[in-house]
There are 2 protein chains.
Amino acid sequence: MPRQARNPNAARAAPAKPRAAGARAEILEAAARMMRDRGYSEMSLRDLAAQVGMKAGSLYYHFASKEELAVEVMRLGVETVSDAVSEALDAAADRPARERLETALRVHLHTLLSASEFSSAHIRCYPFVPETVRGRLVAVRRDYDRLWTGVIRDMLGEDAAAEDVRYLRLALIGAMNGALEWYSPGRDDPEAFLRALMRLLPPGKG
Amino acid sequence: MPRQARNPNAARAAPAKPRAAGARAEILEAAARMMRDRGYSEMSLRDLAAQVGMKAGSLYYHFASKEELAVEVMRLGVETVSDAVSEALDAAADRPARERLETALRVHLHTLLSASEFSSAHIRCYPFVPETVRGRLVAVRRDYDRLWTGVIRDMLGEDAAAEDVRYLRLALIGAMNGALEWYSPGRDDPEAFLRALMRLLPPGKG
DNA sequence: CATTCAACCTAACGTTCGTTAGAAAATCCG
DNA sequence: CGGATTTTCTAACGAACGTTAGGTTGAATG
């Protein structure tokens, strides 16, 4: 069997590490899909290497260890959804708080269900990944949480109890992330789920 | 090193399988804790056996395989929370629908967070357990879903769209199960989380 | 006391895993 | 083209895994 074709349209402007970036990105993508579908410890480096046309040992030219690879995948997952939500919130900066929250929910859900296998891999694998991996993700995760705390506090009003803001955030994020376990592209409509979710929320103060 | 002491106060009334039931229950409990804390594939049968004072091979006297053991643990998990919620709903059969839903939420949450390591193991491990294991749990899981569908339909009214009932159920269950990932016994108060959740729900029709 | 049988142990089998060292191939540069 | 550098492969290491076959123990039974 011949080797798998390399992705021909990759960034060529990097003089420092010329060609490794393409293979590295390809490995990360395959790893994200595998982590999302099978889980972290069920992802074999031999299988992963085969999916990108390599042998297991060759992965170690691009990553120091399996844990390092997982950290990179999951960090990309948080940053992807965080950037998407942040950008959408900036674009809706002058809208009412309730509408901004709906936007955040929509972007978060769409990123998890359709846009980014990194984000879904992060959500599904985080609970059972080695603690050394989780430890290196607390910072990005905290930043993302702060994003939500802001939107929700805006909607509940400045005098809302911190406990209420926190529990509403956890309830909403939990409801969204849970969709990863039941969502079926043919059967389900994310927009309908979002409407059902929005119907629960109070009118808002902004 | 001497063997670990057996649990002396176990049911003695079973003449068919005299003494294996005690050890079997002990194995199931330790397995549930291990699955909840580390995950299915991170649960080593050697470690599990050591926790109940056995060697790995001895487990095969009580269970045919690791998958069979996991099925038993998770099935107990569904049945535990299902029985608890069902019983609570029966006891509140004459209460308004919204109050009955609150009761169901409270019992479900308490079972996951405090009462049953089988239930929490089921929720945390189900996504990444082998498909042969998941297949043997669909029946009990469907029964439990029907319980929730009933309560939520009662609250939304008989003419509520099935899609709305379904998505509200999935949102609520997702929010509750997500608590397994953030709940910290000292920091968090399940009742406060429940109040924040109930504040979202409509007044109800019953 | 002899026998039976439940319950556990010992010891290993074959497989797969993450990881590594060094050789080989591919690519780039002058 | 030739040498240097980047990238991949080969081959193996040691460890851990689920599982199994057959032996050992101790208590109950007739």
# chains A, B, ... in the order shown; residues from 1 in each chain; ligands from 1
>>> residues_around(residues="region 171-174 of chain A", least_positions_apart="3", cutoff="7 Å", atoms="only C-alpha atoms (C1' of nucleotides)", output="ChimeraX atom specification")
/A:167-168,177-178 /B:174-175,178
>>> write_last_selection(atoms="N, CA and C atoms", output="short mmCIF file (atom, residue, chain, number, x, y, z; two decimals), in the first residue's frame")
data_model
loop_
_atom_site.label_atom_id
_atom_site.label_comp_id
_atom_site.auth_asym_id
_atom_site.auth_seq_id
_atom_site.Cartn_x
_atom_site.Cartn_y
_atom_site.Cartn_z
N TYR A 167 -24.31 28.80 39.31
CA TYR A 167 -25.13 27.61 39.10
C TYR A 167 -25.90 27.69 37.78
N LEU A 168 -26.27 28.89 37.38
CA LEU A 168 -26.93 29.00 36.08
C LEU A 168 -25.94 28.69 34.96
N ASN A 177 -23.36 20.60 26.84
CA ASN A 177 -22.37 19.54 26.67
C ASN A 177 -23.02 18.15 26.65
N GLY A 178 -24.11 18.04 27.36
CA GLY A 178 -24.83 16.77 27.34
C GLY A 178 -25.32 16.40 25.96
N GLY B 174 -29.13 16.65 31.34
CA GLY B 174 -27.76 17.08 31.05
C GLY B 174 -27.22 18.00 32.12
N ALA B 175 -28.07 18.93 32.57
CA ALA B 175 -27.63 19.86 33.62
C ALA B 175 -27.32 19.11 34.91
N GLY B 178 -24.17 16.83 34.53
CA GLY B 178 -22.97 17.65 34.47
C GLY B 178 -22.42 17.97 35.85
#
>>> residues_around(residues="DG14 (chain C)", least_positions_apart="5", cutoff="12 Å", atoms="only C-alpha atoms (C1' of nucleotides)", output="ChimeraX atom specification")
/D:17-20
>>> interface_residues(of="chain C", to="chain A", cutoff="8 Å", atoms="only C-alpha atoms (C1' of nucleotides)", output="PyMOL selection string")
chain C and resi 17-19
>>> closest_atom_pairs(of="chain B", to="chain A", cutoff="9 Å", atoms="only C-alpha atoms", output="tab-separated table")
residue	atom	partner	partner_atom	distance
B:Asp37	CA	A:Phe128	CA	8.1
B:Arg38	CA	A:Phe128	CA	6.2
B:Gly39	CA	A:Phe128	CA	6.1
B:Ser41	CA	A:Ser41	CA	7.2
B:Glu42	CA	A:Ser41	CA	7.7
B:Arg124	CA	A:Pro127	CA	8.2
B:Pro127	CA	A:Glu181	CA	7.0
B:Phe128	CA	A:Gly39	CA	6.2
B:Val129	CA	A:Arg38	CA	8.8
B:Glu163	CA	A:Ala192	CA	8.1
B:Asp164	CA	A:Ala196	CA	6.2
B:Val165	CA	A:Ala196	CA	8.9
B:Tyr167	CA	A:Phe193	CA	5.6
B:Leu168	CA	A:Ala196	CA	6.4
B:Leu170	CA	A:Ala175	CA	7.3
B:Ala171	CA	A:Ala175	CA	4.6
B:Leu172	CA	A:Ala175	CA	6.6
B:Ile173	CA	A:Ala175	CA	7.4
B:Gly174	CA	A:Ala175	CA	4.4
B:Ala175	CA	A:Gly174	CA	4.4
B:Met176	CA	A:Ala171	CA	7.3
B:Asn177	CA	A:Gly174	CA	7.4
B:Gly178	CA	A:Gly174	CA	4.7
B:Ala179	CA	A:Gly174	CA	7.5
B:Glu181	CA	A:Pro127	CA	7.0
B:Trp182	CA	A:Leu170	CA	8.2
B:Ala192	CA	A:Tyr167	CA	8.1
B:Phe193	CA	A:Tyr167	CA	5.6
B:Leu194	CA	A:Tyr167	CA	8.8
B:Arg195	CA	A:Asp164	CA	9.0
B:Ala196	CA	A:Asp164	CA	6.2
B:Leu197	CA	A:Ala171	CA	7.2
B:Arg199	CA	A:Leu200	CA	8.7
B:Leu200	CA	A:Leu200	CA	5.0
B:Leu201	CA	A:Leu200	CA	5.8
B:Pro202	CA	A:Leu200	CA	7.1
>>> write_last_selection(atoms="N, CA and C atoms", output="mmCIF file, in the first residue's frame")
data_model
loop_
_atom_site.group_PDB
_atom_site.id
_atom_site.type_symbol
_atom_site.label_atom_id
_atom_site.label_comp_id
_atom_site.auth_asym_id
_atom_site.auth_seq_id
_atom_site.Cartn_x
_atom_site.Cartn_y
_atom_site.Cartn_z
ATOM 1 N N ASP B 37 -14.254 6.753 39.481
ATOM 2 C CA ASP B 37 -13.092 7.604 39.714
ATOM 3 C C ASP B 37 -12.087 7.577 38.571
ATOM 4 N N ARG B 38 -11.888 6.407 37.954
ATOM 5 C CA ARG B 38 -10.818 6.305 36.953
ATOM 6 C C ARG B 38 -11.338 6.053 35.552
ATOM 7 N N GLY B 39 -12.532 5.521 35.415
ATOM 8 C CA GLY B 39 -13.031 5.153 34.096
ATOM 9 C C GLY B 39 -12.949 3.655 33.860
ATOM 10 N N SER B 41 -11.782 1.645 31.212
ATOM 11 C CA SER B 41 -10.564 0.982 30.728
ATOM 12 C C SER B 41 -9.379 1.265 31.635
ATOM 13 N N GLU B 42 -9.503 2.252 32.507
ATOM 14 C CA GLU B 42 -8.433 2.500 33.485
ATOM 15 C C GLU B 42 -8.621 1.658 34.744
ATOM 16 N N ARG B 124 -20.914 8.453 34.219
ATOM 17 C CA ARG B 124 -19.589 8.897 33.778
ATOM 18 C C ARG B 124 -18.981 7.953 32.754
ATOM 19 N N PRO B 127 -20.469 6.769 28.081
ATOM 20 C CA PRO B 127 -20.075 7.175 26.727
ATOM 21 C C PRO B 127 -18.934 6.367 26.125
ATOM 22 N N PHE B 128 -18.012 5.869 26.922
ATOM 23 C CA PHE B 128 -16.811 5.261 26.366
ATOM 24 C C PHE B 128 -16.674 3.783 26.684
ATOM 25 N N VAL B 129 -17.711 3.195 27.242
ATOM 26 C CA VAL B 129 -17.709 1.765 27.493
ATOM 27 C C VAL B 129 -17.912 1.018 26.160
ATOM 28 N N GLU B 163 -41.450 17.128 20.788
ATOM 29 C CA GLU B 163 -40.082 17.644 20.648
ATOM 30 C C GLU B 163 -39.713 18.514 21.845
ATOM 31 N N ASP B 164 -40.659 19.333 22.310
ATOM 32 C CA ASP B 164 -40.377 20.187 23.458
ATOM 33 C C ASP B 164 -40.157 19.355 24.716
ATOM 34 N N VAL B 165 -40.992 18.337 24.883
ATOM 35 C CA VAL B 165 -40.840 17.462 26.045
ATOM 36 C C VAL B 165 -39.468 16.808 26.020
ATOM 37 N N TYR B 167 -36.662 17.729 24.441
ATOM 38 C CA TYR B 167 -35.522 18.626 24.616
ATOM 39 C C TYR B 167 -35.441 19.185 26.029
ATOM 40 N N LEU B 168 -36.598 19.376 26.654
ATOM 41 C CA LEU B 168 -36.544 19.824 28.044
ATOM 42 C C LEU B 168 -35.996 18.713 28.941
ATOM 43 N N LEU B 170 -33.896 16.344 28.010
ATOM 44 C CA LEU B 170 -32.458 16.211 27.766
ATOM 45 C C LEU B 170 -31.676 17.367 28.385
ATOM 46 N N ALA B 171 -32.270 18.554 28.356
ATOM 47 C CA ALA B 171 -31.588 19.703 28.955
ATOM 48 C C ALA B 171 -31.470 19.532 30.466
ATOM 49 N N LEU B 172 -32.552 19.108 31.106
ATOM 50 C CA LEU B 172 -32.535 18.953 32.562
ATOM 51 C C LEU B 172 -31.588 17.830 32.985
ATOM 52 N N ILE B 173 -31.713 16.684 32.342
ATOM 53 C CA ILE B 173 -30.831 15.570 32.680
ATOM 54 C C ILE B 173 -29.369 15.945 32.427
ATOM 55 N N GLY B 174 -29.126 16.646 31.343
ATOM 56 C CA GLY B 174 -27.758 17.079 31.052
ATOM 57 C C GLY B 174 -27.220 18.000 32.118
ATOM 58 N N ALA B 175 -28.067 18.933 32.572
ATOM 59 C CA ALA B 175 -27.630 19.856 33.620
ATOM 60 C C ALA B 175 -27.323 19.111 34.913
ATOM 61 N N MET B 176 -28.144 18.135 35.259
ATOM 62 C CA MET B 176 -27.918 17.368 36.487
ATOM 63 C C MET B 176 -26.660 16.504 36.379
ATOM 64 N N ASN B 177 -26.567 15.752 35.316
ATOM 65 C CA ASN B 177 -25.422 14.854 35.172
ATOM 66 C C ASN B 177 -24.105 15.625 35.091
ATOM 67 N N GLY B 178 -24.174 16.833 34.528
ATOM 68 C CA GLY B 178 -22.970 17.651 34.472
ATOM 69 C C GLY B 178 -22.424 17.966 35.854
ATOM 70 N N ALA B 179 -23.297 17.934 36.861
ATOM 71 C CA ALA B 179 -22.838 18.229 38.219
ATOM 72 C C ALA B 179 -21.748 17.261 38.680
ATOM 73 N N GLU B 181 -19.230 16.551 37.247
ATOM 74 C CA GLU B 181 -17.914 17.038 36.834
ATOM 75 C C GLU B 181 -17.452 18.254 37.622
ATOM 76 N N TRP B 182 -18.384 18.942 38.301
ATOM 77 C CA TRP B 182 -17.951 20.145 39.021
ATOM 78 C C TRP B 182 -18.281 20.112 40.507
ATOM 79 N N ALA B 192 -29.064 24.473 46.585
ATOM 80 C CA ALA B 192 -28.971 25.784 45.944
ATOM 81 C C ALA B 192 -28.948 25.639 44.425
ATOM 82 N N PHE B 193 -28.245 24.630 43.964
ATOM 83 C CA PHE B 193 -28.232 24.366 42.517
ATOM 84 C C PHE B 193 -29.641 24.032 42.039
ATOM 85 N N LEU B 194 -30.336 23.259 42.828
ATOM 86 C CA LEU B 194 -31.689 22.878 42.472
ATOM 87 C C LEU B 194 -32.613 24.089 42.409
ATOM 88 N N ARG B 195 -32.455 24.996 43.374
ATOM 89 C CA ARG B 195 -33.272 26.216 43.348
ATOM 90 C C ARG B 195 -32.993 27.022 42.085
ATOM 91 N N ALA B 196 -31.696 27.126 41.737
ATOM 92 C CA ALA B 196 -31.352 27.861 40.516
ATOM 93 C C ALA B 196 -31.975 27.199 39.290
ATOM 94 N N LEU B 197 -32.057 25.892 39.329
ATOM 95 C CA LEU B 197 -32.627 25.145 38.203
ATOM 96 C C LEU B 197 -34.141 25.338 38.156
ATOM 97 N N ARG B 199 -35.860 27.776 39.264
ATOM 98 C CA ARG B 199 -36.231 29.147 38.919
ATOM 99 C C ARG B 199 -36.405 29.307 37.414
ATOM 100 N N LEU B 200 -35.815 28.373 36.650
ATOM 101 C CA LEU B 200 -35.903 28.461 35.197
ATOM 102 C C LEU B 200 -37.216 27.914 34.672
ATOM 103 N N LEU B 201 -37.838 27.048 35.452
ATOM 104 C CA LEU B 201 -38.977 26.319 34.908
ATOM 105 C C LEU B 201 -40.259 27.129 34.956
ATOM 106 N N PRO B 202 -41.153 26.925 33.991
ATOM 107 C CA PRO B 202 -42.435 27.635 33.953
ATOM 108 C C PRO B 202 -43.324 27.200 35.120
#
>>> interface_residues(of="chain A", to="chain D", cutoff="8 Å", atoms="only C-alpha atoms (C1' of nucleotides)", output="count of residues only")
5
>>> select_by_dssp(residues="region 35-192 of chain A", states="alpha helix (DSSP H)", output="VMD selection string")
chain A and resid 35 to 38 45 to 51 66 to 91 97 to 110 117 to 125 131 to 135 138 to 156 162 to 182 190 to 192
>>> atom_distance(atom1="CA of Glu87 (chain A)", atom2="CA of His108 (chain A)")
11.5 Å
>>> closest_residue(among="B:Leu101, B:Val85, B:Leu59, B:Met43", to="DA7 (chain C)", atoms="only C-alpha atoms (C1' of nucleotides)")
B:Leu59
>>> residues_around(residues="Val73 (chain B)", least_positions_apart="5", cutoff="12 Å", atoms="only C-alpha atoms (C1' of nucleotides)", output="PyMOL selection string")
chain B and resi 24-36+40+63+66-68+78-80+116-123+125-126+129+133+136-137
>>> residues_around(residues="Ser86 (chain A)", least_positions_apart="2", cutoff="12 Å", atoms="only C-alpha atoms (C1' of nucleotides)", output="PyMOL selection string")
chain A and resi 78-84+88-93+100-101+103-105+107-108+143-148+150-151
